[in-house]
Amino acid sequence: MAARIIDGKTLAAQVKARVRDGVEDCKRQGVEPCLAVLLVGDDPASAVYVRGKAKDCEECGIRSLVERLPADTTQEALLARLAQLAADDSVHGILVQLPLPAHIDERAVIEAIPPEKDVDGFTPVNVGRMMIGETCFLPCTPAGCMEMLDAAGVDPACKRAVVIGRSNIVGKPAAMLLLARNATVTICHSRTKNLAKICAEADILVAAVGRPKFVTGDMIKPGAAVIDVGINRDENGKLCGDVDFAAAAEKAGCITPVPGGVGLMTRAMLMVNTLQAARNTL
């Protein structure tokens, strides 16, 4: 029996519709939600992502400020611009598109964003709050994964969850969010022994390893929920995820596609966080 497809396009549209209603409510109270995005350099993929975020803002009624800075922008100049945005009460969310040029300290830039405007959920304050279960801005991709599980009717409580990948952006926070929902969580990585066996025991499998079709059909427990975070190119140059979709769909209970899955929800959750940042000023 083929798995149910968790349609990211439809779910993201529903989330953005709710955001649009919230934005209109904010405007009636005299606050226009605003997201500032800084793009340093001319990385083509980053430019595509930034255009997508600006489009999402437009659809939700959020004012977007997109600033494109040259690749030779100094760290001092970037930090100075961040300080200006941090002090601007009309700006509610600040996002610096990653990766940054090699001469800029990524961590220093992230730490320069005030936690109350950190709509990416990357600053140490928001990460710490997430770890101890306090209200905070959640990283958009893991938050989107949880929304997709909810939409599929998958309750993590009492289930075995396996996360492949230990990045600060996806793997670690995804594990924490699953743990907060009472799943029993295992984080796997490049040095994990018996990886296939561990994955095959998972009721919920989150693949965030960055390797095309890394998760094969034999790594899927029958009926499992499979969340594919990867965005890769296969041997033919076609967009694909970390999961061998065709093989996994034969065994999984539900699965996210690539494209049309987690990526769209990541963008939608950024809109959710930006709206909340504006609401926090009311």
# chains A, B, ... in the order shown; residues from 1 in each chain; ligands from 1
>>> residues_around(residues="A:Leu177", least_positions_apart="3", cutoff="12 Å", atoms="only C-alpha atoms", output="number ranges by chain")
A: 127, 129-134, 138-147, 149, 156-157, 161, 163, 170-174, 180-185, 206
>>> write_last_selection(atoms="N, CA, C and O atoms", output="CSV table (one decimal), in the first residue's frame")
chain,number,residue,atom,x,y,z
A,127,VAL,N,17.7,29.4,21.0
A,127,VAL,CA,18.0,28.0,21.1
A,127,VAL,C,17.9,27.5,22.5
A,127,VAL,O,17.4,26.4,22.8
A,129,ARG,N,16.2,28.8,25.0
A,129,ARG,CA,14.8,28.8,25.5
A,129,ARG,C,14.1,27.5,24.9
A,129,ARG,O,13.2,26.9,25.6
A,130,MET,N,14.3,27.2,23.7
A,130,MET,CA,13.8,26.0,23.1
A,130,MET,C,14.2,24.7,23.9
A,130,MET,O,13.4,23.8,24.2
A,131,MET,N,15.4,24.7,24.3
A,131,MET,CA,16.0,23.5,25.0
A,131,MET,C,15.3,23.3,26.3
A,131,MET,O,15.0,22.1,26.7
A,132,ILE,N,14.9,24.4,27.0
A,132,ILE,CA,14.3,24.2,28.3
A,132,ILE,C,12.8,24.4,28.3
A,132,ILE,O,12.1,24.4,29.3
A,133,GLY,N,12.2,24.5,27.1
A,133,GLY,CA,10.8,24.5,26.9
A,133,GLY,C,10.1,25.8,27.1
A,133,GLY,O,8.9,25.8,27.4
A,134,GLU,N,10.8,26.9,27.0
A,134,GLU,CA,10.2,28.2,27.2
A,134,GLU,C,9.7,28.7,25.8
A,134,GLU,O,10.2,28.2,24.7
A,138,LEU,N,10.9,29.3,17.1
A,138,LEU,CA,11.5,28.0,16.8
A,138,LEU,C,12.1,28.1,15.4
A,138,LEU,O,11.6,28.8,14.5
A,139,PRO,N,13.2,27.4,15.2
A,139,PRO,CA,13.8,27.3,13.8
A,139,PRO,C,12.8,26.9,12.8
A,139,PRO,O,12.0,25.9,13.1
A,140,CYS,N,12.7,27.5,11.7
A,140,CYS,CA,11.6,27.3,10.8
A,140,CYS,C,11.5,25.9,10.2
A,140,CYS,O,10.4,25.4,10.0
A,141,THR,N,12.6,25.3,9.8
A,141,THR,CA,12.5,24.0,9.2
A,141,THR,C,12.0,22.9,10.2
A,141,THR,O,11.0,22.2,9.9
A,142,PRO,N,12.6,22.8,11.4
A,142,PRO,CA,12.0,21.8,12.3
A,142,PRO,C,10.6,22.1,12.7
A,142,PRO,O,9.7,21.2,12.9
A,143,ALA,N,10.2,23.4,12.9
A,143,ALA,CA,8.8,23.8,13.2
A,143,ALA,C,7.9,23.3,12.1
A,143,ALA,O,6.8,22.8,12.3
A,144,GLY,N,8.4,23.5,10.8
A,144,GLY,CA,7.6,23.1,9.7
A,144,GLY,C,7.4,21.5,9.7
A,144,GLY,O,6.3,21.0,9.3
A,145,CYS,N,8.4,20.8,10.0
A,145,CYS,CA,8.3,19.4,10.1
A,145,CYS,C,7.2,18.9,11.1
A,145,CYS,O,6.4,18.0,10.9
A,146,MET,N,7.2,19.6,12.3
A,146,MET,CA,6.2,19.3,13.3
A,146,MET,C,4.8,19.6,12.8
A,146,MET,O,3.8,18.9,13.0
A,147,GLU,N,4.6,20.7,12.0
A,147,GLU,CA,3.3,21.1,11.4
A,147,GLU,C,2.9,20.0,10.5
A,147,GLU,O,1.7,19.6,10.4
A,149,LEU,N,3.7,16.8,10.5
A,149,LEU,CA,3.3,15.6,11.3
A,149,LEU,C,1.9,15.8,11.8
A,149,LEU,O,1.1,14.9,11.8
A,156,PRO,N,3.5,12.4,18.1
A,156,PRO,CA,4.8,11.9,18.4
A,156,PRO,C,4.8,11.2,19.8
A,156,PRO,O,5.7,10.4,20.0
A,157,ALA,N,3.8,11.4,20.6
A,157,ALA,CA,3.9,10.9,22.0
A,157,ALA,C,4.0,9.4,22.0
A,157,ALA,O,3.2,8.7,21.3
A,161,ALA,N,11.2,8.0,17.6
A,161,ALA,CA,11.6,8.9,16.5
A,161,ALA,C,13.1,8.9,16.3
A,161,ALA,O,13.9,8.8,17.2
A,163,VAL,N,16.2,10.8,14.1
A,163,VAL,CA,16.6,12.0,13.3
A,163,VAL,C,18.0,11.7,12.7
A,163,VAL,O,18.9,11.4,13.5
A,170,VAL,N,18.7,22.0,11.7
A,170,VAL,CA,17.6,21.1,11.6
A,170,VAL,C,17.7,19.9,12.6
A,170,VAL,O,16.8,19.7,13.4
A,171,GLY,N,18.8,19.2,12.5
A,171,GLY,CA,18.8,17.9,13.3
A,171,GLY,C,18.6,18.0,14.7
A,171,GLY,O,17.7,17.4,15.3
A,172,LYS,N,19.4,18.9,15.4
A,172,LYS,CA,19.3,19.0,16.8
A,172,LYS,C,18.0,19.6,17.3
A,172,LYS,O,17.3,19.1,18.2
A,173,PRO,N,17.5,20.7,16.6
A,173,PRO,CA,16.2,21.3,17.1
A,173,PRO,C,15.1,20.4,16.8
A,173,PRO,O,14.1,20.3,17.5
A,174,ALA,N,15.1,19.6,15.6
A,174,ALA,CA,14.1,18.7,15.3
A,174,ALA,C,13.9,17.6,16.4
A,174,ALA,O,12.8,17.3,16.9
A,180,ALA,N,10.0,17.2,23.1
A,180,ALA,CA,9.0,18.0,23.8
A,180,ALA,C,7.6,17.5,23.6
A,180,ALA,O,6.7,17.7,24.4
A,181,ARG,N,7.4,16.8,22.5
A,181,ARG,CA,6.1,16.2,22.3
A,181,ARG,C,6.0,14.7,22.7
A,181,ARG,O,5.2,13.9,22.3
A,182,ASN,N,7.0,14.3,23.6
A,182,ASN,CA,7.0,13.0,24.3
A,182,ASN,C,7.3,11.9,23.4
A,182,ASN,O,6.9,10.7,23.7
A,183,ALA,N,8.1,12.1,22.3
A,183,ALA,CA,8.7,11.0,21.6
A,183,ALA,C,9.9,10.5,22.3
A,183,ALA,O,10.6,11.3,23.0
A,184,THR,N,10.3,9.3,22.0
A,184,THR,CA,11.6,8.8,22.4
A,184,THR,C,12.6,9.0,21.2
A,184,THR,O,12.3,8.3,20.2
A,185,VAL,N,13.6,9.8,21.3
A,185,VAL,CA,14.3,10.3,20.2
A,185,VAL,C,15.8,9.7,20.1
A,185,VAL,O,16.5,9.7,21.2
A,206,VAL,N,13.1,11.3,10.5
A,206,VAL,CA,13.4,12.7,9.9
A,206,VAL,C,14.8,12.6,9.3
A,206,VAL,O,15.8,12.3,9.9
>>> residues_around(residues="stretch 222-234 of chain A", least_positions_apart="3", cutoff="7 Å", atoms="only C-alpha atoms", output="list in words")
Cys145, Ala202, Asp203, Ile204, Leu205, Val206, Ala207, Ala208, Val209, Gly210, Arg211, Pro212, Gly237, Lys238, Leu239, Cys240, Gly241, Asp242, Val243, Lys251, Ala252, Gly253, Cys254, Ile255, Thr256 and Val262 of chain A
>>> atom_distance(atom1="atom CA of A:Ile169", atom2="atom CA of A:Ala47")
19.4 Å
>>> atom_distance(atom1="atom CA of A:Val23", atom2="atom CA of A:Lys117")
16.4 Å
>>> residues_around(residues="stretch 67-78 of chain A", least_positions_apart="2", cutoff="12 Å", atoms="only C-alpha atoms", output="PDB file with N, CA and C atoms, in the first residue's frame")
ATOM      1  N   LEU A  35       9.545  42.382   7.824  1.00  0.00           N
ATOM      2  CA  LEU A  35      10.693  41.483   7.841  1.00  0.00           C
ATOM      3  C   LEU A  35      11.823  42.094   7.028  1.00  0.00           C
ATOM      4  N   ALA A  36      12.997  42.215   7.636  1.00  0.00           N
ATOM      5  CA  ALA A  36      14.184  42.694   6.942  1.00  0.00           C
ATOM      6  C   ALA A  36      15.085  41.510   6.622  1.00  0.00           C
ATOM      7  N   VAL A  37      15.499  41.396   5.367  1.00  0.00           N
ATOM      8  CA  VAL A  37      16.364  40.312   4.923  1.00  0.00           C
ATOM      9  C   VAL A  37      17.631  40.902   4.328  1.00  0.00           C
ATOM     10  N   LEU A  38      18.778  40.473   4.831  1.00  0.00           N
ATOM     11  CA  LEU A  38      20.064  40.925   4.309  1.00  0.00           C
ATOM     12  C   LEU A  38      20.715  39.789   3.526  1.00  0.00           C
ATOM     13  N   LEU A  39      21.101  40.082   2.298  1.00  0.00           N
ATOM     14  CA  LEU A  39      21.775  39.117   1.438  1.00  0.00           C
ATOM     15  C   LEU A  39      23.144  39.674   1.082  1.00  0.00           C
ATOM     16  N   VAL A  40      24.178  38.970   1.504  1.00  0.00           N
ATOM     17  CA  VAL A  40      25.549  39.408   1.249  1.00  0.00           C
ATOM     18  C   VAL A  40      26.148  38.550   0.140  1.00  0.00           C
ATOM     19  N   GLY A  41      26.560  39.194  -0.957  1.00  0.00           N
ATOM     20  CA  GLY A  41      27.144  38.462  -2.066  1.00  0.00           C
ATOM     21  C   GLY A  41      26.122  38.095  -3.114  1.00  0.00           C
ATOM     22  N   ASP A  42      26.555  37.277  -4.064  1.00  0.00           N
ATOM     23  CA  ASP A  42      25.717  36.963  -5.226  1.00  0.00           C
ATOM     24  C   ASP A  42      25.544  35.462  -5.438  1.00  0.00           C
ATOM     25  N   ASP A  43      25.463  34.706  -4.331  1.00  0.00           N
ATOM     26  CA  ASP A  43      25.230  33.271  -4.443  1.00  0.00           C
ATOM     27  C   ASP A  43      23.864  33.033  -5.095  1.00  0.00           C
ATOM     28  N   SER A  46      21.103  31.448  -2.860  1.00  0.00           N
ATOM     29  CA  SER A  46      20.637  32.372  -1.832  1.00  0.00           C
ATOM     30  C   SER A  46      19.702  33.416  -2.425  1.00  0.00           C
ATOM     31  N   ALA A  47      20.019  33.878  -3.628  1.00  0.00           N
ATOM     32  CA  ALA A  47      19.168  34.873  -4.285  1.00  0.00           C
ATOM     33  C   ALA A  47      17.774  34.305  -4.540  1.00  0.00           C
ATOM     34  N   VAL A  50      15.869  34.202  -1.218  1.00  0.00           N
ATOM     35  CA  VAL A  50      15.452  35.540  -0.788  1.00  0.00           C
ATOM     36  C   VAL A  50      14.250  36.008  -1.605  1.00  0.00           C
ATOM     37  N   ARG A  51      14.265  35.745  -2.897  1.00  0.00           N
ATOM     38  CA  ARG A  51      13.100  36.115  -3.716  1.00  0.00           C
ATOM     39  C   ARG A  51      11.853  35.375  -3.238  1.00  0.00           C
ATOM     40  N   ALA A  54      10.535  37.086  -0.103  1.00  0.00           N
ATOM     41  CA  ALA A  54       9.863  38.340  -0.426  1.00  0.00           C
ATOM     42  C   ALA A  54       8.472  38.069  -0.995  1.00  0.00           C
ATOM     43  N   SER A  64       8.280  43.741   3.389  1.00  0.00           N
ATOM     44  CA  SER A  64       9.616  43.146   3.343  1.00  0.00           C
ATOM     45  C   SER A  64      10.644  44.184   2.925  1.00  0.00           C
ATOM     46  N   LEU A  65      11.761  44.187   3.632  1.00  0.00           N
ATOM     47  CA  LEU A  65      12.900  45.026   3.295  1.00  0.00           C
ATOM     48  C   LEU A  65      14.042  44.091   2.903  1.00  0.00           C
ATOM     49  N   ALA A  80      27.142  46.758  11.716  1.00  0.00           N
ATOM     50  CA  ALA A  80      26.602  48.114  11.896  1.00  0.00           C
ATOM     51  C   ALA A  80      25.194  48.216  11.328  1.00  0.00           C
ATOM     52  N   ARG A  81      24.978  47.605  10.171  1.00  0.00           N
ATOM     53  CA  ARG A  81      23.635  47.630   9.581  1.00  0.00           C
ATOM     54  C   ARG A  81      22.660  46.836  10.447  1.00  0.00           C
ATOM     55  N   LEU A  82      23.098  45.731  10.989  1.00  0.00           N
ATOM     56  CA  LEU A  82      22.239  44.960  11.888  1.00  0.00           C
ATOM     57  C   LEU A  82      21.867  45.777  13.122  1.00  0.00           C
ATOM     58  N   ALA A  83      22.796  46.542  13.636  1.00  0.00           N
ATOM     59  CA  ALA A  83      22.513  47.381  14.802  1.00  0.00           C
ATOM     60  C   ALA A  83      21.440  48.408  14.474  1.00  0.00           C
ATOM     61  N   GLN A  84      21.481  48.954  13.255  1.00  0.00           N
ATOM     62  CA  GLN A  84      20.459  49.909  12.847  1.00  0.00           C
ATOM     63  C   GLN A  84      19.082  49.251  12.770  1.00  0.00           C
ATOM     64  N   LEU A  85      19.027  48.074  12.202  1.00  0.00           N
ATOM     65  CA  LEU A  85      17.753  47.361  12.094  1.00  0.00           C
ATOM     66  C   LEU A  85      17.244  46.942  13.470  1.00  0.00           C
ATOM     67  N   ILE A  94      14.347  40.087  11.669  1.00  0.00           N
ATOM     68  CA  ILE A  94      15.606  40.283  10.935  1.00  0.00           C
ATOM     69  C   ILE A  94      16.147  38.916  10.556  1.00  0.00           C
ATOM     70  N   LEU A  95      16.525  38.786   9.293  1.00  0.00           N
ATOM     71  CA  LEU A  95      17.072  37.529   8.791  1.00  0.00           C
ATOM     72  C   LEU A  95      18.297  37.835   7.939  1.00  0.00           C
ATOM     73  N   VAL A  96      19.397  37.178   8.231  1.00  0.00           N
ATOM     74  CA  VAL A  96      20.590  37.260   7.392  1.00  0.00           C
ATOM     75  C   VAL A  96      20.696  35.955   6.625  1.00  0.00           C
ATOM     76  N   GLN A  97      20.632  36.038   5.306  1.00  0.00           N
ATOM     77  CA  GLN A  97      20.657  34.829   4.486  1.00  0.00           C
ATOM     78  C   GLN A  97      22.028  34.152   4.573  1.00  0.00           C
ATOM     79  N   PRO A  99      24.573  30.853   3.299  1.00  0.00           N
ATOM     80  CA  PRO A  99      25.856  31.129   3.960  1.00  0.00           C
ATOM     81  C   PRO A  99      26.364  32.535   3.678  1.00  0.00           C
ATOM     82  N   LEU A 100      27.270  32.992   4.522  1.00  0.00           N
ATOM     83  CA  LEU A 100      27.925  34.279   4.347  1.00  0.00           C
ATOM     84  C   LEU A 100      29.296  34.080   3.702  1.00  0.00           C
ATOM     85  N   PRO A 101      29.854  35.134   3.091  1.00  0.00           N
ATOM     86  CA  PRO A 101      31.216  35.022   2.562  1.00  0.00           C
ATOM     87  C   PRO A 101      32.200  34.579   3.649  1.00  0.00           C
ATOM     88  N   ALA A 102      33.270  33.928   3.243  1.00  0.00           N
ATOM     89  CA  ALA A 102      34.194  33.286   4.174  1.00  0.00           C
ATOM     90  C   ALA A 102      34.836  34.249   5.163  1.00  0.00           C
ATOM     91  N   HIS A 103      34.956  35.521   4.800  1.00  0.00           N
ATOM     92  CA  HIS A 103      35.645  36.469   5.679  1.00  0.00           C
ATOM     93  C   HIS A 103      34.758  36.986   6.810  1.00  0.00           C
ATOM     94  N   ILE A 104      33.484  36.587   6.823  1.00  0.00           N
ATOM     95  CA  ILE A 104      32.549  37.054   7.853  1.00  0.00           C
ATOM     96  C   ILE A 104      32.262  35.919   8.833  1.00  0.00           C
ATOM     97  N   ASP A 105      32.320  36.226  10.118  1.00  0.00           N
ATOM     98  CA  ASP A 105      32.055  35.254  11.182  1.00  0.00           C
ATOM     99  C   ASP A 105      30.543  35.089  11.329  1.00  0.00           C
ATOM    100  N   GLU A 106      30.060  33.960  10.855  1.00  0.00           N
ATOM    101  CA  GLU A 106      28.622  33.697  10.855  1.00  0.00           C
ATOM    102  C   GLU A 106      28.031  33.771  12.258  1.00  0.00           C
ATOM    103  N   ARG A 107      28.712  33.196  13.235  1.00  0.00           N
ATOM    104  CA  ARG A 107      28.197  33.178  14.596  1.00  0.00           C
ATOM    105  C   ARG A 107      28.082  34.586  15.160  1.00  0.00           C
ATOM    106  N   ALA A 108      29.073  35.442  14.903  1.00  0.00           N
ATOM    107  CA  ALA A 108      29.033  36.821  15.396  1.00  0.00           C
ATOM    108  C   ALA A 108      27.843  37.566  14.801  1.00  0.00           C
ATOM    109  N   VAL A 109      27.546  37.295  13.552  1.00  0.00           N
ATOM    110  CA  VAL A 109      26.416  37.958  12.888  1.00  0.00           C
ATOM    111  C   VAL A 109      25.098  37.495  13.497  1.00  0.00           C
ATOM    112  N   ILE A 110      24.949  36.193  13.692  1.00  0.00           N
ATOM    113  CA  ILE A 110      23.713  35.678  14.287  1.00  0.00           C
ATOM    114  C   ILE A 110      23.501  36.239  15.688  1.00  0.00           C
ATOM    115  N   ALA A 112      24.348  38.989  16.781  1.00  0.00           N
ATOM    116  CA  ALA A 112      24.049  40.425  16.745  1.00  0.00           C
ATOM    117  C   ALA A 112      22.562  40.703  16.532  1.00  0.00           C
ATOM    118  N   ILE A 113      21.795  39.672  16.201  1.00  0.00           N
ATOM    119  CA  ILE A 113      20.355  39.848  16.003  1.00  0.00           C
ATOM    120  C   ILE A 113      19.651  39.749  17.356  1.00  0.00           C
TER     121      ILE A 113
END
>>> closest_residue(among="A:Cys188, A:Cys158, A:Ala12, A:Leu178", to="A:Gly260", atoms="only C-alpha atoms")
A:Ala12
>>> select_by_dssp(residues="stretch 90-224 of chain A", states="helix (DSSP H, G or I)", output="number ranges by chain")
A: 106-111, 115-117, 124-131, 140-151, 171-180, 195-199, 217-219
>>> select_by_dssp(residues="stretch 50-251 of chain A", states="strand (DSSP E or B)", output="VMD selection string")
chain A and resid 63 to 69 93 to 96 160 to 164 184 to 188 204 to 207 215 225 to 228 232 to 233 239 to 240 243
>>> write_last_selection(atoms="N, CA, C and O atoms", output="short mmCIF file (atom, residue, chain, number, x, y, z; two decimals), in the first residue's frame")
data_model
loop_
_atom_site.label_atom_id
_atom_site.label_comp_id
_atom_site.auth_asym_id
_atom_site.auth_seq_id
_atom_site.Cartn_x
_atom_site.Cartn_y
_atom_site.Cartn_z
N ARG A 63 5.30 43.59 5.20
CA ARG A 63 6.25 44.47 4.50
C ARG A 63 7.63 43.83 4.54
O ARG A 63 8.10 43.41 5.60
N SER A 64 8.28 43.74 3.39
CA SER A 64 9.62 43.15 3.34
C SER A 64 10.64 44.18 2.93
O SER A 64 10.41 44.97 2.01
N LEU A 65 11.76 44.19 3.63
CA LEU A 65 12.90 45.03 3.30
C LEU A 65 14.04 44.09 2.90
O LEU A 65 14.63 43.44 3.76
N VAL A 66 14.33 44.00 1.62
CA VAL A 66 15.41 43.15 1.14
C VAL A 66 16.59 44.02 0.76
O VAL A 66 16.48 44.89 -0.10
N GLU A 67 17.72 43.81 1.42
CA GLU A 67 18.92 44.57 1.15
C GLU A 67 20.00 43.63 0.63
O GLU A 67 20.38 42.67 1.30
N ARG A 68 20.49 43.93 -0.56
CA ARG A 68 21.55 43.13 -1.18
C ARG A 68 22.87 43.87 -1.03
O ARG A 68 23.03 44.98 -1.55
N LEU A 69 23.79 43.25 -0.33
CA LEU A 69 25.09 43.87 -0.05
C LEU A 69 26.17 43.16 -0.86
O LEU A 69 26.09 41.94 -1.08
N GLY A 93 11.18 41.55 12.32
CA GLY A 93 12.00 40.37 12.12
C GLY A 93 13.23 40.70 11.31
O GLY A 93 13.16 41.50 10.37
N ILE A 94 14.35 40.09 11.67
CA ILE A 94 15.61 40.28 10.93
C ILE A 94 16.15 38.92 10.56
O ILE A 94 16.26 38.02 11.40
N LEU A 95 16.52 38.79 9.29
CA LEU A 95 17.07 37.53 8.79
C LEU A 95 18.30 37.84 7.94
O LEU A 95 18.23 38.68 7.05
N VAL A 96 19.40 37.18 8.23
CA VAL A 96 20.59 37.26 7.39
C VAL A 96 20.70 35.95 6.63
O VAL A 96 20.82 34.89 7.23
N ARG A 160 8.72 6.05 18.75
CA ARG A 160 10.17 6.04 18.54
C ARG A 160 10.48 6.94 17.35
O ARG A 160 10.01 6.68 16.23
N ALA A 161 11.24 7.99 17.57
CA ALA A 161 11.61 8.92 16.50
C ALA A 161 13.11 8.86 16.27
O ALA A 161 13.89 8.84 17.22
N VAL A 162 13.50 8.85 15.02
CA VAL A 162 14.91 8.85 14.65
C VAL A 162 15.16 10.05 13.74
O VAL A 162 14.44 10.25 12.75
N VAL A 163 16.17 10.84 14.08
CA VAL A 163 16.58 11.99 13.28
C VAL A 163 17.97 11.68 12.72
O VAL A 163 18.90 11.41 13.47
N ILE A 164 18.10 11.71 11.41
CA ILE A 164 19.40 11.50 10.77
C ILE A 164 19.99 12.87 10.46
O ILE A 164 19.47 13.58 9.60
N THR A 184 10.32 9.30 22.00
CA THR A 184 11.63 8.80 22.42
C THR A 184 12.55 8.95 21.20
O THR A 184 12.32 8.34 20.16
N VAL A 185 13.58 9.78 21.35
CA VAL A 185 14.33 10.26 20.18
C VAL A 185 15.76 9.73 20.14
O VAL A 185 16.47 9.74 21.15
N THR A 186 16.16 9.31 18.97
CA THR A 186 17.55 8.94 18.69
C THR A 186 18.08 9.84 17.59
O THR A 186 17.42 10.00 16.55
N ILE A 187 19.25 10.45 17.81
CA ILE A 187 19.91 11.25 16.78
C ILE A 187 21.02 10.40 16.17
O ILE A 187 21.91 9.93 16.89
N CYS A 188 20.97 10.23 14.86
CA CYS A 188 22.00 9.47 14.14
C CYS A 188 22.86 10.42 13.31
O CYS A 188 22.42 11.51 12.93
N ILE A 204 8.74 7.45 13.50
CA ILE A 204 8.90 8.74 12.83
C ILE A 204 10.36 8.85 12.42
O ILE A 204 11.25 8.73 13.26
N LEU A 205 10.61 9.08 11.14
CA LEU A 205 11.97 9.20 10.63
C LEU A 205 12.14 10.56 9.97
O LEU A 205 11.42 10.88 9.02
N VAL A 206 13.08 11.34 10.49
CA VAL A 206 13.38 12.65 9.91
C VAL A 206 14.76 12.56 9.26
O VAL A 206 15.76 12.32 9.94
N ALA A 207 14.82 12.76 7.95
CA ALA A 207 16.08 12.66 7.22
C ALA A 207 16.59 14.06 6.90
O ALA A 207 15.98 14.80 6.14
N VAL A 215 18.43 7.50 2.32
CA VAL A 215 17.53 6.59 3.06
C VAL A 215 16.83 5.68 2.06
O VAL A 215 16.05 6.14 1.22
N ALA A 225 6.08 7.36 9.63
CA ALA A 225 5.98 8.71 9.07
C ALA A 225 7.39 9.15 8.69
O ALA A 225 8.29 9.14 9.52
N VAL A 226 7.57 9.53 7.43
CA VAL A 226 8.89 9.89 6.91
C VAL A 226 8.90 11.36 6.51
O VAL A 226 8.12 11.77 5.64
N ILE A 227 9.77 12.14 7.16
CA ILE A 227 9.90 13.56 6.88
C ILE A 227 11.25 13.78 6.21
O ILE A 227 12.30 13.58 6.82
N ASP A 228 11.23 14.17 4.94
CA ASP A 228 12.45 14.33 4.14
C ASP A 228 12.81 15.80 4.05
O ASP A 228 12.16 16.58 3.36
N ASN A 232 18.50 18.00 -2.74
CA ASN A 232 19.71 17.59 -3.46
C ASN A 232 19.41 17.47 -4.95
O ASN A 232 18.28 17.64 -5.40
N ARG A 233 20.46 17.14 -5.70
CA ARG A 233 20.31 16.80 -7.11
C ARG A 233 20.78 15.35 -7.29
O ARG A 233 21.83 14.96 -6.77
N LEU A 239 15.95 17.37 -9.00
CA LEU A 239 15.79 17.66 -7.58
C LEU A 239 15.26 16.43 -6.85
O LEU A 239 14.32 15.79 -7.29
N CYS A 240 15.89 16.13 -5.71
CA CYS A 240 15.45 14.99 -4.91
C CYS A 240 15.79 15.24 -3.45
O CYS A 240 16.51 16.17 -3.12
N VAL A 243 15.74 10.96 0.92
CA VAL A 243 15.05 9.67 0.94
C VAL A 243 14.80 9.20 -0.49
O VAL A 243 14.41 10.00 -1.36
#
>>> atom_distance(atom1="atom CA of A:Lys53", atom2="atom CA of A:Ala87")
22.5 Å
>>> closest_residue(among="A:Arg279, A:Arg267, A:Lys221, A:Lys55", to="A:Asp120", atoms="only C-alpha atoms")
A:Arg267
>>> closest_residue(among="A:Ala2, A:Ile198, A:Leu264, A:Ala248", to="A:Phe214", atoms="only C-alpha atoms")
A:Ala248
>>> residues_around(residues="A:Gly217", least_positions_apart="2", cutoff="6 Å", atoms="only C-alpha atoms", output="MDAnalysis selection string")
chainID A and resid 219:220 247:248
>>> residues_around(residues="A:Ala151", least_positions_apart="6", cutoff="10 Å", atoms="only C-alpha atoms", output="list in words")
Ile6, Asp7, Gly8, Leu11 and Cys145 of chain A
>>> write_last_selection(atoms="C-alpha atoms", output="CSV table (one decimal), in the first residue's frame")
chain,number,residue,atom,x,y,z
A,6,ILE,CA,1.9,15.1,3.1
A,7,ASP,CA,1.3,17.9,0.6
A,8,GLY,CA,3.5,20.8,1.6
A,11,LEU,CA,-0.4,23.0,4.0
A,145,CYS,CA,8.3,19.4,10.1
>>> closest_residue(among="A:Ala246, A:Cys60, A:Leu179, A:Leu270", to="A:Asp155", atoms="only C-alpha atoms")
A:Leu179
